[in-house]
$ cat run_18.txt   # compact mmCIF, N, CA and C atoms
# COMPACT_ATOMS: atom_id res chain seq x y z
N ARG C 21 13.81 13.92 2.40
CA ARG C 21 14.54 12.68 2.43
C ARG C 21 13.65 11.51 2.05
N GLU C 22 12.46 11.50 2.58
CA GLU C 22 11.56 10.40 2.27
C GLU C 22 11.24 10.33 0.78
N ALA C 23 11.08 11.48 0.17
CA ALA C 23 10.79 11.52 -1.26
C ALA C 23 11.99 11.01 -2.07
N ALA C 24 13.19 11.39 -1.65
CA ALA C 24 14.41 10.94 -2.34
C ALA C 24 14.58 9.43 -2.18
N ALA C 25 14.30 8.91 -0.98
CA ALA C 25 14.41 7.47 -0.75
C ALA C 25 13.39 6.71 -1.59
N ALA C 26 12.18 7.25 -1.68
CA ALA C 26 11.14 6.62 -2.50
C ALA C 26 11.53 6.65 -3.96
N ALA C 27 12.11 7.76 -4.43
CA ALA C 27 12.56 7.87 -5.82
C ALA C 27 13.68 6.88 -6.10
N THR C 28 14.58 6.69 -5.14
CA THR C 28 15.66 5.71 -5.29
C THR C 28 15.11 4.30 -5.38
N ASP C 29 14.14 3.97 -4.51
CA ASP C 29 13.52 2.65 -4.56
C ASP C 29 12.82 2.40 -5.89
N THR C 30 12.14 3.43 -6.39
CA THR C 30 11.44 3.32 -7.68
C THR C 30 12.44 3.10 -8.80
N ALA C 31 13.54 3.83 -8.77
CA ALA C 31 14.55 3.71 -9.83
C ALA C 31 15.20 2.31 -9.78
N GLU C 32 15.45 1.81 -8.58
CA GLU C 32 16.05 0.47 -8.46
C GLU C 32 15.09 -0.61 -8.95
N ALA C 33 13.79 -0.45 -8.66
CA ALA C 33 12.79 -1.40 -9.14
C ALA C 33 12.70 -1.36 -10.66
N SER C 34 12.76 -0.17 -11.24
CA SER C 34 12.72 -0.03 -12.70
C SER C 34 13.95 -0.67 -13.34
N LEU C 35 15.11 -0.47 -12.70
CA LEU C 35 16.33 -1.09 -13.21
C LEU C 35 16.24 -2.61 -13.16
N ALA C 36 15.75 -3.16 -12.06
CA ALA C 36 15.61 -4.62 -11.94
C ALA C 36 14.64 -5.15 -12.99
N ARG C 37 13.53 -4.44 -13.24
CA ARG C 37 12.57 -4.87 -14.26
C ARG C 37 13.20 -4.83 -15.65
N ALA C 38 13.96 -3.78 -15.94
CA ALA C 38 14.60 -3.66 -17.25
C ALA C 38 15.66 -4.76 -17.44
N GLU C 39 16.43 -5.06 -16.39
CA GLU C 39 17.43 -6.13 -16.49
C GLU C 39 16.76 -7.48 -16.70
N PHE C 40 15.63 -7.71 -16.04
CA PHE C 40 14.90 -8.97 -16.22
C PHE C 40 14.40 -9.10 -17.65
N ARG C 41 13.81 -8.03 -18.19
CA ARG C 41 13.32 -8.06 -19.58
C ARG C 41 14.44 -8.30 -20.57
N LEU C 42 15.58 -7.66 -20.33
CA LEU C 42 16.73 -7.86 -21.21
C LEU C 42 17.22 -9.31 -21.13
N GLY C 43 17.25 -9.85 -19.94
CA GLY C 43 17.65 -11.25 -19.75
C GLY C 43 16.72 -12.22 -20.44
N GLU C 44 15.44 -11.89 -20.51
CA GLU C 44 14.47 -12.75 -21.20
C GLU C 44 14.66 -12.73 -22.71
N ARG C 45 15.24 -11.69 -23.24
CA ARG C 45 15.48 -11.59 -24.69
C ARG C 45 16.75 -12.31 -25.12
N ASN C 46 17.70 -12.44 -24.22
CA ASN C 46 18.96 -13.13 -24.52
C ASN C 46 18.84 -14.58 -24.10
N VAL C 47 19.05 -15.46 -25.05
CA VAL C 47 18.96 -16.89 -24.78
C VAL C 47 20.37 -17.47 -24.83
N THR C 48 20.71 -18.26 -23.84
CA THR C 48 22.01 -18.92 -23.84
C THR C 48 21.80 -20.43 -23.81
N ALA C 49 22.75 -21.13 -24.38
CA ALA C 49 22.68 -22.59 -24.40
C ALA C 49 22.98 -23.14 -23.01
N ARG C 50 22.41 -24.28 -22.70
CA ARG C 50 22.64 -24.91 -21.40
C ARG C 50 23.97 -25.64 -21.34
N VAL C 51 24.56 -25.91 -22.50
CA VAL C 51 25.85 -26.60 -22.56
C VAL C 51 26.79 -25.82 -23.46
N SER C 52 28.08 -25.98 -23.24
CA SER C 52 29.05 -25.38 -24.14
C SER C 52 29.46 -26.45 -25.15
N GLY C 53 29.82 -26.02 -26.32
CA GLY C 53 30.21 -26.97 -27.35
C GLY C 53 30.36 -26.28 -28.69
N ARG C 54 30.36 -27.08 -29.74
CA ARG C 54 30.55 -26.59 -31.10
C ARG C 54 29.20 -26.55 -31.83
N VAL C 55 28.93 -25.44 -32.50
CA VAL C 55 27.71 -25.32 -33.29
C VAL C 55 27.87 -26.18 -34.54
N GLU C 56 26.98 -27.17 -34.67
CA GLU C 56 27.03 -28.08 -35.81
C GLU C 56 26.14 -27.60 -36.96
N GLU C 57 25.02 -27.00 -36.61
CA GLU C 57 24.09 -26.56 -37.65
C GLU C 57 23.28 -25.38 -37.13
N ARG C 58 23.02 -24.42 -38.01
CA ARG C 58 22.21 -23.26 -37.67
C ARG C 58 20.91 -23.38 -38.47
N PHE C 59 19.78 -23.48 -37.77
CA PHE C 59 18.50 -23.68 -38.43
C PHE C 59 17.87 -22.37 -38.88
N LEU C 60 18.15 -21.28 -38.16
CA LEU C 60 17.61 -19.97 -38.50
C LEU C 60 18.74 -18.96 -38.58
N GLN C 61 18.59 -17.98 -39.44
CA GLN C 61 19.58 -16.92 -39.59
C GLN C 61 19.17 -15.70 -38.79
N ALA C 62 20.09 -14.78 -38.58
CA ALA C 62 19.80 -13.54 -37.85
C ALA C 62 18.66 -12.80 -38.55
N GLY C 63 17.69 -12.36 -37.77
CA GLY C 63 16.56 -11.63 -38.31
C GLY C 63 15.34 -12.48 -38.59
N GLU C 64 15.49 -13.81 -38.63
CA GLU C 64 14.36 -14.70 -38.84
C GLU C 64 13.58 -14.89 -37.55
N PHE C 65 12.30 -15.13 -37.68
CA PHE C 65 11.43 -15.31 -36.52
C PHE C 65 11.51 -16.75 -36.02
N ALA C 66 11.69 -16.91 -34.73
CA ALA C 66 11.75 -18.25 -34.12
C ALA C 66 10.56 -18.41 -33.18
N PRO C 67 9.62 -19.27 -33.53
CA PRO C 67 8.49 -19.51 -32.62
C PRO C 67 8.98 -20.13 -31.30
N ALA C 68 8.19 -20.01 -30.28
CA ALA C 68 8.55 -20.55 -28.98
C ALA C 68 8.77 -22.06 -29.08
N GLY C 69 9.85 -22.52 -28.52
CA GLY C 69 10.14 -23.95 -28.48
C GLY C 69 10.86 -24.49 -29.69
N GLN C 70 11.06 -23.68 -30.73
CA GLN C 70 11.74 -24.17 -31.94
C GLN C 70 13.26 -24.09 -31.75
N ALA C 71 13.96 -25.11 -32.20
CA ALA C 71 15.42 -25.11 -32.13
C ALA C 71 16.00 -24.10 -33.10
N VAL C 72 17.02 -23.40 -32.68
CA VAL C 72 17.69 -22.42 -33.52
C VAL C 72 19.06 -22.94 -33.96
N LEU C 73 19.71 -23.66 -33.06
CA LEU C 73 21.04 -24.21 -33.33
C LEU C 73 21.10 -25.67 -32.93
N SER C 74 22.01 -26.39 -33.55
CA SER C 74 22.35 -27.75 -33.11
C SER C 74 23.76 -27.67 -32.56
N ILE C 75 23.89 -28.01 -31.27
CA ILE C 75 25.19 -27.91 -30.60
C ILE C 75 25.68 -29.30 -30.21
N LEU C 76 26.92 -29.58 -30.56
CA LEU C 76 27.56 -30.82 -30.12
C LEU C 76 28.39 -30.48 -28.88
N PRO C 77 27.98 -31.01 -27.71
CA PRO C 77 28.75 -30.71 -26.49
C PRO C 77 30.20 -31.17 -26.61
N ALA C 78 31.08 -30.53 -25.88
CA ALA C 78 32.50 -30.84 -25.95
C ALA C 78 32.77 -32.31 -25.65
N ASP C 79 31.96 -32.90 -24.77
CA ASP C 79 32.16 -34.30 -24.42
C ASP C 79 31.13 -35.21 -25.08
N GLY C 80 30.51 -34.75 -26.15
CA GLY C 80 29.42 -35.49 -26.78
C GLY C 80 29.80 -36.34 -27.98
N LEU C 81 31.06 -36.35 -28.36
CA LEU C 81 31.46 -37.10 -29.55
C LEU C 81 31.58 -38.59 -29.21
N ARG C 82 30.93 -39.42 -30.02
CA ARG C 82 30.91 -40.87 -29.79
C ARG C 82 31.30 -41.60 -31.07
N ALA C 83 31.93 -42.74 -30.89
CA ALA C 83 32.19 -43.64 -32.01
C ALA C 83 31.21 -44.79 -31.87
N ARG C 84 30.44 -45.05 -32.92
CA ARG C 84 29.49 -46.17 -32.92
C ARG C 84 30.03 -47.24 -33.85
N PHE C 85 30.11 -48.45 -33.34
CA PHE C 85 30.61 -49.55 -34.15
C PHE C 85 29.91 -50.83 -33.73
N PHE C 86 30.08 -51.86 -34.54
CA PHE C 86 29.41 -53.13 -34.30
C PHE C 86 30.44 -54.21 -34.00
N VAL C 87 30.10 -55.06 -33.05
CA VAL C 87 30.97 -56.15 -32.63
C VAL C 87 30.27 -57.46 -32.93
N ARG C 88 31.02 -58.40 -33.52
CA ARG C 88 30.44 -59.71 -33.82
C ARG C 88 30.09 -60.44 -32.53
N GLN C 89 29.17 -61.36 -32.65
CA GLN C 89 28.68 -62.12 -31.51
C GLN C 89 29.80 -62.87 -30.80
N ASP C 90 30.75 -63.42 -31.55
CA ASP C 90 31.82 -64.18 -30.92
C ASP C 90 32.85 -63.29 -30.23
N GLU C 91 32.90 -61.99 -30.55
CA GLU C 91 33.82 -61.05 -29.91
C GLU C 91 33.16 -60.30 -28.75
N LEU C 92 31.87 -60.43 -28.61
CA LEU C 92 31.13 -59.68 -27.59
C LEU C 92 31.63 -59.92 -26.16
N PRO C 93 32.01 -61.14 -25.77
CA PRO C 93 32.50 -61.33 -24.40
C PRO C 93 33.76 -60.51 -24.07
N GLN C 94 34.54 -60.13 -25.09
CA GLN C 94 35.73 -59.31 -24.86
C GLN C 94 35.38 -57.85 -24.57
N MET C 95 34.17 -57.44 -24.94
CA MET C 95 33.78 -56.04 -24.83
C MET C 95 33.09 -55.80 -23.48
N THR C 96 33.61 -54.87 -22.70
CA THR C 96 33.02 -54.53 -21.41
C THR C 96 32.92 -53.01 -21.29
N LEU C 97 32.01 -52.55 -20.46
CA LEU C 97 31.90 -51.11 -20.21
C LEU C 97 33.20 -50.62 -19.59
N GLY C 98 33.67 -49.49 -20.06
CA GLY C 98 34.92 -48.93 -19.56
C GLY C 98 36.16 -49.41 -20.30
N LYS C 99 36.01 -50.40 -21.15
CA LYS C 99 37.16 -50.92 -21.92
C LYS C 99 37.69 -49.82 -22.84
N THR C 100 38.98 -49.74 -22.97
CA THR C 100 39.60 -48.76 -23.86
C THR C 100 39.75 -49.36 -25.25
N VAL C 101 39.28 -48.61 -26.26
CA VAL C 101 39.43 -49.03 -27.66
C VAL C 101 40.27 -47.98 -28.37
N ARG C 102 40.89 -48.39 -29.47
CA ARG C 102 41.73 -47.50 -30.26
C ARG C 102 40.98 -47.13 -31.53
N ILE C 103 40.96 -45.84 -31.83
CA ILE C 103 40.23 -45.33 -32.99
C ILE C 103 41.18 -44.64 -33.94
N THR C 104 41.11 -45.01 -35.22
CA THR C 104 41.89 -44.36 -36.27
C THR C 104 40.96 -44.05 -37.43
N ALA C 105 41.40 -43.13 -38.26
CA ALA C 105 40.64 -42.77 -39.46
C ALA C 105 41.63 -42.38 -40.55
N ASP C 106 41.16 -42.40 -41.79
CA ASP C 106 42.02 -42.01 -42.91
C ASP C 106 42.53 -40.60 -42.69
N GLY C 107 43.82 -40.41 -42.89
CA GLY C 107 44.42 -39.09 -42.77
C GLY C 107 44.81 -38.71 -41.35
N MET C 108 44.46 -39.51 -40.36
CA MET C 108 44.84 -39.20 -38.98
C MET C 108 46.20 -39.80 -38.69
N THR C 109 47.07 -39.01 -38.07
CA THR C 109 48.41 -39.50 -37.76
C THR C 109 48.49 -40.09 -36.35
N THR C 110 47.51 -39.78 -35.52
CA THR C 110 47.52 -40.28 -34.14
C THR C 110 46.38 -41.27 -33.92
N VAL C 111 46.56 -42.12 -32.93
CA VAL C 111 45.52 -43.06 -32.53
C VAL C 111 44.80 -42.45 -31.33
N ILE C 112 43.48 -42.49 -31.36
CA ILE C 112 42.67 -41.94 -30.27
C ILE C 112 42.21 -43.07 -29.37
N SER C 113 42.37 -42.89 -28.09
CA SER C 113 41.85 -43.86 -27.11
C SER C 113 40.48 -43.40 -26.66
N ALA C 114 39.52 -44.31 -26.70
CA ALA C 114 38.15 -44.00 -26.29
C ALA C 114 37.68 -45.07 -25.32
N SER C 115 36.69 -44.72 -24.52
CA SER C 115 36.18 -45.63 -23.51
C SER C 115 34.78 -46.11 -23.88
N VAL C 116 34.54 -47.40 -23.80
CA VAL C 116 33.23 -47.97 -24.13
C VAL C 116 32.22 -47.53 -23.07
N ILE C 117 31.11 -46.93 -23.53
CA ILE C 117 30.09 -46.45 -22.60
C ILE C 117 28.75 -47.14 -22.79
N TYR C 118 28.59 -47.90 -23.90
CA TYR C 118 27.31 -48.55 -24.16
C TYR C 118 27.54 -49.81 -24.97
N ILE C 119 26.86 -50.87 -24.56
CA ILE C 119 26.85 -52.13 -25.32
C ILE C 119 25.39 -52.56 -25.43
N SER C 120 24.92 -52.71 -26.64
CA SER C 120 23.52 -53.07 -26.86
C SER C 120 23.22 -54.47 -26.33
N GLN C 121 22.03 -54.63 -25.80
CA GLN C 121 21.59 -55.94 -25.34
C GLN C 121 20.97 -56.75 -26.48
N ASP C 122 20.60 -56.07 -27.55
CA ASP C 122 19.92 -56.71 -28.67
C ASP C 122 20.83 -56.82 -29.89
N ALA C 123 20.73 -57.92 -30.57
CA ALA C 123 21.52 -58.14 -31.78
C ALA C 123 20.94 -57.33 -32.93
N GLU C 124 21.82 -56.92 -33.82
CA GLU C 124 21.43 -56.21 -35.03
C GLU C 124 21.67 -57.13 -36.23
N PHE C 125 21.00 -56.85 -37.32
CA PHE C 125 21.16 -57.61 -38.56
C PHE C 125 21.02 -59.10 -38.32
N THR C 126 20.06 -59.48 -37.56
CA THR C 126 19.88 -60.89 -37.25
C THR C 126 19.35 -61.65 -38.45
N PRO C 127 19.65 -62.92 -38.54
CA PRO C 127 19.10 -63.74 -39.62
C PRO C 127 17.58 -63.76 -39.54
N PRO C 128 16.91 -63.96 -40.66
CA PRO C 128 15.45 -63.82 -40.68
C PRO C 128 14.69 -64.75 -39.73
N VAL C 129 14.98 -66.03 -39.71
CA VAL C 129 14.15 -66.94 -38.93
C VAL C 129 14.96 -67.86 -38.03
N ILE C 130 15.95 -68.52 -38.58
CA ILE C 130 16.61 -69.61 -37.86
C ILE C 130 17.96 -69.14 -37.32
N TYR C 131 18.22 -69.46 -36.05
CA TYR C 131 19.51 -69.17 -35.43
C TYR C 131 20.33 -70.45 -35.41
N SER C 132 20.98 -70.74 -36.51
CA SER C 132 21.80 -71.94 -36.57
C SER C 132 23.26 -71.57 -36.28
N LYS C 133 24.09 -72.56 -36.13
CA LYS C 133 25.50 -72.32 -35.86
C LYS C 133 26.15 -71.55 -37.00
N GLU C 134 25.75 -71.80 -38.23
CA GLU C 134 26.32 -71.13 -39.39
C GLU C 134 25.91 -69.66 -39.47
N SER C 135 24.69 -69.34 -39.03
CA SER C 135 24.22 -67.97 -39.13
C SER C 135 24.57 -67.14 -37.90
N ARG C 136 25.11 -67.76 -36.86
CA ARG C 136 25.44 -67.05 -35.63
C ARG C 136 26.46 -65.95 -35.86
N GLU C 137 27.37 -66.12 -36.81
CA GLU C 137 28.40 -65.12 -37.04
C GLU C 137 27.83 -63.85 -37.66
N LYS C 138 26.59 -63.88 -38.12
CA LYS C 138 25.96 -62.69 -38.69
C LYS C 138 25.41 -61.77 -37.61
N LEU C 139 25.35 -62.23 -36.38
CA LEU C 139 24.86 -61.40 -35.30
C LEU C 139 25.91 -60.38 -34.89
N VAL C 140 25.52 -59.12 -34.83
CA VAL C 140 26.42 -58.07 -34.38
C VAL C 140 25.69 -57.22 -33.35
N PHE C 141 26.45 -56.59 -32.47
CA PHE C 141 25.89 -55.78 -31.40
C PHE C 141 26.47 -54.38 -31.47
N LEU C 142 25.61 -53.39 -31.33
CA LEU C 142 26.04 -51.99 -31.35
C LEU C 142 26.81 -51.67 -30.08
N VAL C 143 27.94 -50.99 -30.25
CA VAL C 143 28.75 -50.53 -29.12
C VAL C 143 29.08 -49.06 -29.36
N GLU C 144 29.05 -48.26 -28.30
CA GLU C 144 29.43 -46.85 -28.39
C GLU C 144 30.59 -46.58 -27.45
N ALA C 145 31.55 -45.79 -27.95
CA ALA C 145 32.70 -45.38 -27.14
C ALA C 145 32.76 -43.87 -27.11
N SER C 146 33.03 -43.31 -25.96
CA SER C 146 33.12 -41.87 -25.78
C SER C 146 34.51 -41.39 -26.18
N ILE C 147 34.55 -40.45 -27.12
CA ILE C 147 35.82 -39.90 -27.59
C ILE C 147 36.14 -38.66 -26.74
N PRO C 148 37.34 -38.58 -26.19
CA PRO C 148 37.67 -37.45 -25.32
C PRO C 148 37.67 -36.12 -26.09
N PRO C 149 37.35 -35.02 -25.40
CA PRO C 149 37.38 -33.71 -26.05
C PRO C 149 38.78 -33.35 -26.52
N GLY C 150 38.84 -32.50 -27.53
CA GLY C 150 40.13 -32.00 -28.01
C GLY C 150 40.79 -32.85 -29.08
N THR C 151 40.07 -33.82 -29.63
CA THR C 151 40.65 -34.64 -30.69
C THR C 151 40.34 -34.00 -32.05
N ASP C 152 41.08 -34.42 -33.07
CA ASP C 152 40.91 -33.87 -34.41
C ASP C 152 39.81 -34.55 -35.21
N ILE C 153 39.17 -35.52 -34.63
CA ILE C 153 38.17 -36.30 -35.37
C ILE C 153 36.88 -35.50 -35.51
N ARG C 154 36.24 -35.64 -36.66
CA ARG C 154 35.01 -34.89 -36.94
C ARG C 154 33.80 -35.82 -36.88
N PRO C 155 32.65 -35.29 -36.49
CA PRO C 155 31.43 -36.11 -36.46
C PRO C 155 31.10 -36.65 -37.84
N GLY C 156 30.69 -37.90 -37.90
CA GLY C 156 30.29 -38.53 -39.17
C GLY C 156 31.44 -39.14 -39.95
N LEU C 157 32.66 -38.97 -39.49
CA LEU C 157 33.82 -39.53 -40.16
C LEU C 157 33.89 -41.03 -39.94
N PRO C 158 34.01 -41.82 -41.01
CA PRO C 158 34.17 -43.27 -40.81
C PRO C 158 35.48 -43.56 -40.08
N VAL C 159 35.42 -44.45 -39.13
CA VAL C 159 36.61 -44.78 -38.33
C VAL C 159 36.84 -46.27 -38.28
N GLU C 160 38.04 -46.66 -37.90
CA GLU C 160 38.37 -48.05 -37.64
C GLU C 160 38.60 -48.17 -36.14
N VAL C 161 38.01 -49.22 -35.55
CA VAL C 161 38.11 -49.42 -34.12
C VAL C 161 38.79 -50.77 -33.86
N SER C 162 39.76 -50.75 -32.96
CA SER C 162 40.43 -51.99 -32.57
C SER C 162 40.59 -51.99 -31.06
N TRP C 163 40.81 -53.19 -30.50
CA TRP C 163 41.00 -53.30 -29.05
C TRP C 163 41.95 -54.41 -28.73
$ encode --input "run_18.txt" --output "structure tokens"
Amino acid sequence: REAAAAATDTAEASLARAEFRLGERNVTARVSGRVEERFLQAGEFAPAGQAVLSILPADGLRARFFVRQDELPQMTLGKTVRITADGMTTVISASVIYISQDAEFTPPVIYSKESREKLVFLVEASIPPGTDIRPGLPVEVSW
């Protein structure tokens, strides 16, 4: 009996070691989403730490747009904006998640009243999962 119990323990330890080794060979992504780009093909060697795929998480789609300085007070975090694109039959509602603190495309030196309208601020809105919009597609945003 003792020999059989020892053989059982040895077999269970071997099974656990084999399952661990197999688990180390299979790599899974930390997030679910859509594969946007494949950097390596099946059979190619991937050094440690090198990316193999580019994955866009299901909730990772964002619309980036710029708001003029005079419209900035209307823009708040959580505000709902409407997004449309060429060929889309539906309007997508998205929520503002980021408003830049710094102006973009600022005039070179002088901030005069005439050049103030050239100031724009980057804003990002989170697009809900399940929409037909594709990454990189130019969009129109209204609020």
$ residues_around --input "run_18.txt" --residues "segment 117-122 of chain C" --least-positions-apart "4" --cutoff "6.5 Å" --atoms "only N, CA and C atoms" --output "list of chain:residue names"
C:Leu97, C:Gly98, C:Lys99, C:Val140, C:Phe141, C:Leu142, C:Val143, C:Glu144, C:Ala145, C:Ser146
$ select_by_dssp --input "run_18.txt" --residues "segment 39-147 of chain C" --states "alpha helix (DSSP H)" --output "list in words"
Glu39, Phe40, Arg41, Leu42, Gly43, Glu44 and Arg45 of chain C
$ atom_distance --input "run_18.txt" --atom1 "atom N of Val111 of chain C" --atom2 "atom CA of Asp152 of chain C"
10.1 Å
$ axis_aligned_box --input "run_18.txt" --around "segment 71-82 of chain C" --padding-each-side "3 Å" --output "JSON"
{"center_x": 23.4, "center_y": -32.0, "center_z": -29.2, "size_x": 24.8, "size_y": 25.2, "size_z": 15.5}
$ residues_around --input "run_18.txt" --residues "Val161 of chain C" --least-positions-apart "3" --cutoff "6 Å" --atoms "only N, CA and C atoms" --output "list in words"
Arg102, Ile103 and Thr104 of chain C
$ select_by_dssp --input "run_18.txt" --residues "chain C" --states "strand (DSSP E or B)" --output "number ranges by chain"
C: 53-58, 73-77, 82-88, 100-104, 112-124, 140-146, 160-162
$ residues_around --input "run_18.txt" --residues "Pro158 of chain C" --least-positions-apart "3" --cutoff "7 Å" --atoms "only N, CA and C atoms" --output "list of chain:residue names"
C:Thr104, C:Ala105, C:Asp106, C:Pro155
$ atom_distance --input "run_18.txt" --atom1 "atom C of Pro67 of chain C" --atom2 "atom N of Ala38 of chain C"
23.0 Å
$ atom_distance --input "run_18.txt" --atom1 "atom CA of Gly156 of chain C" --atom2 "atom CA of Ala123 of chain C"
22.7 Å
$ residues_around --input "run_18.txt" --residues "segment 73-90 of chain C" --least-positions-apart "6" --cutoff "6.5 Å" --atoms "all atoms listed in the file" --output "PDB file with N, CA and C atoms, keeping the file's coordinate frame"
ATOM      1  N   VAL C  51      24.560 -25.910 -22.500  1.00  0.00           N
ATOM      2  CA  VAL C  51      25.850 -26.600 -22.560  1.00  0.00           C
ATOM      3  C   VAL C  51      26.790 -25.820 -23.460  1.00  0.00           C
ATOM      4  N   SER C  52      28.080 -25.980 -23.240  1.00  0.00           N
ATOM      5  CA  SER C  52      29.050 -25.380 -24.140  1.00  0.00           C
ATOM      6  C   SER C  52      29.460 -26.450 -25.150  1.00  0.00           C
ATOM      7  N   GLY C  53      29.820 -26.020 -26.320  1.00  0.00           N
ATOM      8  CA  GLY C  53      30.210 -26.970 -27.350  1.00  0.00           C
ATOM      9  C   GLY C  53      30.360 -26.280 -28.690  1.00  0.00           C
ATOM     10  N   ARG C  54      30.360 -27.080 -29.740  1.00  0.00           N
ATOM     11  CA  ARG C  54      30.550 -26.590 -31.100  1.00  0.00           C
ATOM     12  C   ARG C  54      29.200 -26.550 -31.830  1.00  0.00           C
ATOM     13  N   VAL C  55      28.930 -25.440 -32.500  1.00  0.00           N
ATOM     14  CA  VAL C  55      27.710 -25.320 -33.290  1.00  0.00           C
ATOM     15  C   VAL C  55      27.870 -26.180 -34.540  1.00  0.00           C
ATOM     16  N   GLU C  56      26.980 -27.170 -34.670  1.00  0.00           N
ATOM     17  CA  GLU C  56      27.030 -28.080 -35.810  1.00  0.00           C
ATOM     18  C   GLU C  56      26.140 -27.600 -36.960  1.00  0.00           C
ATOM     19  N   GLU C  57      25.020 -27.000 -36.610  1.00  0.00           N
ATOM     20  CA  GLU C  57      24.090 -26.560 -37.650  1.00  0.00           C
ATOM     21  C   GLU C  57      23.280 -25.380 -37.130  1.00  0.00           C
ATOM     22  N   ARG C  58      23.020 -24.420 -38.010  1.00  0.00           N
ATOM     23  CA  ARG C  58      22.210 -23.260 -37.670  1.00  0.00           C
ATOM     24  C   ARG C  58      20.910 -23.380 -38.470  1.00  0.00           C
ATOM     25  N   PHE C  59      19.780 -23.480 -37.770  1.00  0.00           N
ATOM     26  CA  PHE C  59      18.500 -23.680 -38.430  1.00  0.00           C
ATOM     27  C   PHE C  59      17.870 -22.370 -38.880  1.00  0.00           C
ATOM     28  N   LEU C  60      18.150 -21.280 -38.160  1.00  0.00           N
ATOM     29  CA  LEU C  60      17.610 -19.970 -38.500  1.00  0.00           C
ATOM     30  C   LEU C  60      18.740 -18.960 -38.580  1.00  0.00           C
ATOM     31  N   ARG C 136      25.110 -67.760 -36.860  1.00  0.00           N
ATOM     32  CA  ARG C 136      25.440 -67.050 -35.630  1.00  0.00           C
ATOM     33  C   ARG C 136      26.460 -65.950 -35.860  1.00  0.00           C
ATOM     34  N   GLU C 137      27.370 -66.120 -36.810  1.00  0.00           N
ATOM     35  CA  GLU C 137      28.400 -65.120 -37.040  1.00  0.00           C
ATOM     36  C   GLU C 137      27.830 -63.850 -37.660  1.00  0.00           C
ATOM     37  N   LYS C 138      26.590 -63.880 -38.120  1.00  0.00           N
ATOM     38  CA  LYS C 138      25.960 -62.690 -38.690  1.00  0.00           C
ATOM     39  C   LYS C 138      25.410 -61.770 -37.610  1.00  0.00           C
ATOM     40  N   LEU C 139      25.350 -62.230 -36.380  1.00  0.00           N
ATOM     41  CA  LEU C 139      24.860 -61.400 -35.300  1.00  0.00           C
ATOM     42  C   LEU C 139      25.910 -60.380 -34.890  1.00  0.00           C
ATOM     43  N   VAL C 140      25.520 -59.120 -34.830  1.00  0.00           N
ATOM     44  CA  VAL C 140      26.420 -58.070 -34.380  1.00  0.00           C
ATOM     45  C   VAL C 140      25.690 -57.220 -33.350  1.00  0.00           C
ATOM     46  N   PHE C 141      26.450 -56.590 -32.470  1.00  0.00           N
ATOM     47  CA  PHE C 141      25.890 -55.780 -31.400  1.00  0.00           C
ATOM     48  C   PHE C 141      26.470 -54.380 -31.470  1.00  0.00           C
ATOM     49  N   LEU C 142      25.610 -53.390 -31.330  1.00  0.00           N
ATOM     50  CA  LEU C 142      26.040 -51.990 -31.350  1.00  0.00           C
ATOM     51  C   LEU C 142      26.810 -51.670 -30.080  1.00  0.00           C
ATOM     52  N   VAL C 143      27.940 -50.990 -30.250  1.00  0.00           N
ATOM     53  CA  VAL C 143      28.750 -50.530 -29.120  1.00  0.00           C
ATOM     54  C   VAL C 143      29.080 -49.060 -29.360  1.00  0.00           C
ATOM     55  N   GLU C 144      29.050 -48.260 -28.300  1.00  0.00           N
ATOM     56  CA  GLU C 144      29.430 -46.850 -28.390  1.00  0.00           C
ATOM     57  C   GLU C 144      30.590 -46.580 -27.450  1.00  0.00           C
ATOM     58  N   ALA C 145      31.550 -45.790 -27.950  1.00  0.00           N
ATOM     59  CA  ALA C 145      32.700 -45.380 -27.140  1.00  0.00           C
ATOM     60  C   ALA C 145      32.760 -43.870 -27.110  1.00  0.00           C
ATOM     61  N   SER C 146      33.030 -43.310 -25.960  1.00  0.00           N
ATOM     62  CA  SER C 146      33.120 -41.870 -25.780  1.00  0.00           C
ATOM     63  C   SER C 146      34.510 -41.390 -26.180  1.00  0.00           C
ATOM     64  N   ILE C 147      34.550 -40.450 -27.120  1.00  0.00           N
ATOM     65  CA  ILE C 147      35.820 -39.900 -27.590  1.00  0.00           C
ATOM     66  C   ILE C 147      36.140 -38.660 -26.740  1.00  0.00           C
ATOM     67  N   PRO C 148      37.340 -38.580 -26.190  1.00  0.00           N
ATOM     68  CA  PRO C 148      37.670 -37.450 -25.320  1.00  0.00           C
ATOM     69  C   PRO C 148      37.670 -36.120 -26.090  1.00  0.00           C
ATOM     70  N   PRO C 149      37.350 -35.020 -25.400  1.00  0.00           N
ATOM     71  CA  PRO C 149      37.380 -33.710 -26.050  1.00  0.00           C
ATOM     72  C   PRO C 149      38.780 -33.350 -26.520  1.00  0.00           C
ATOM     73  N   GLY C 150      38.840 -32.500 -27.530  1.00  0.00           N
ATOM     74  CA  GLY C 150      40.130 -32.000 -28.010  1.00  0.00           C
ATOM     75  C   GLY C 150      40.790 -32.850 -29.080  1.00  0.00           C
TER      76      GLY C 150
END
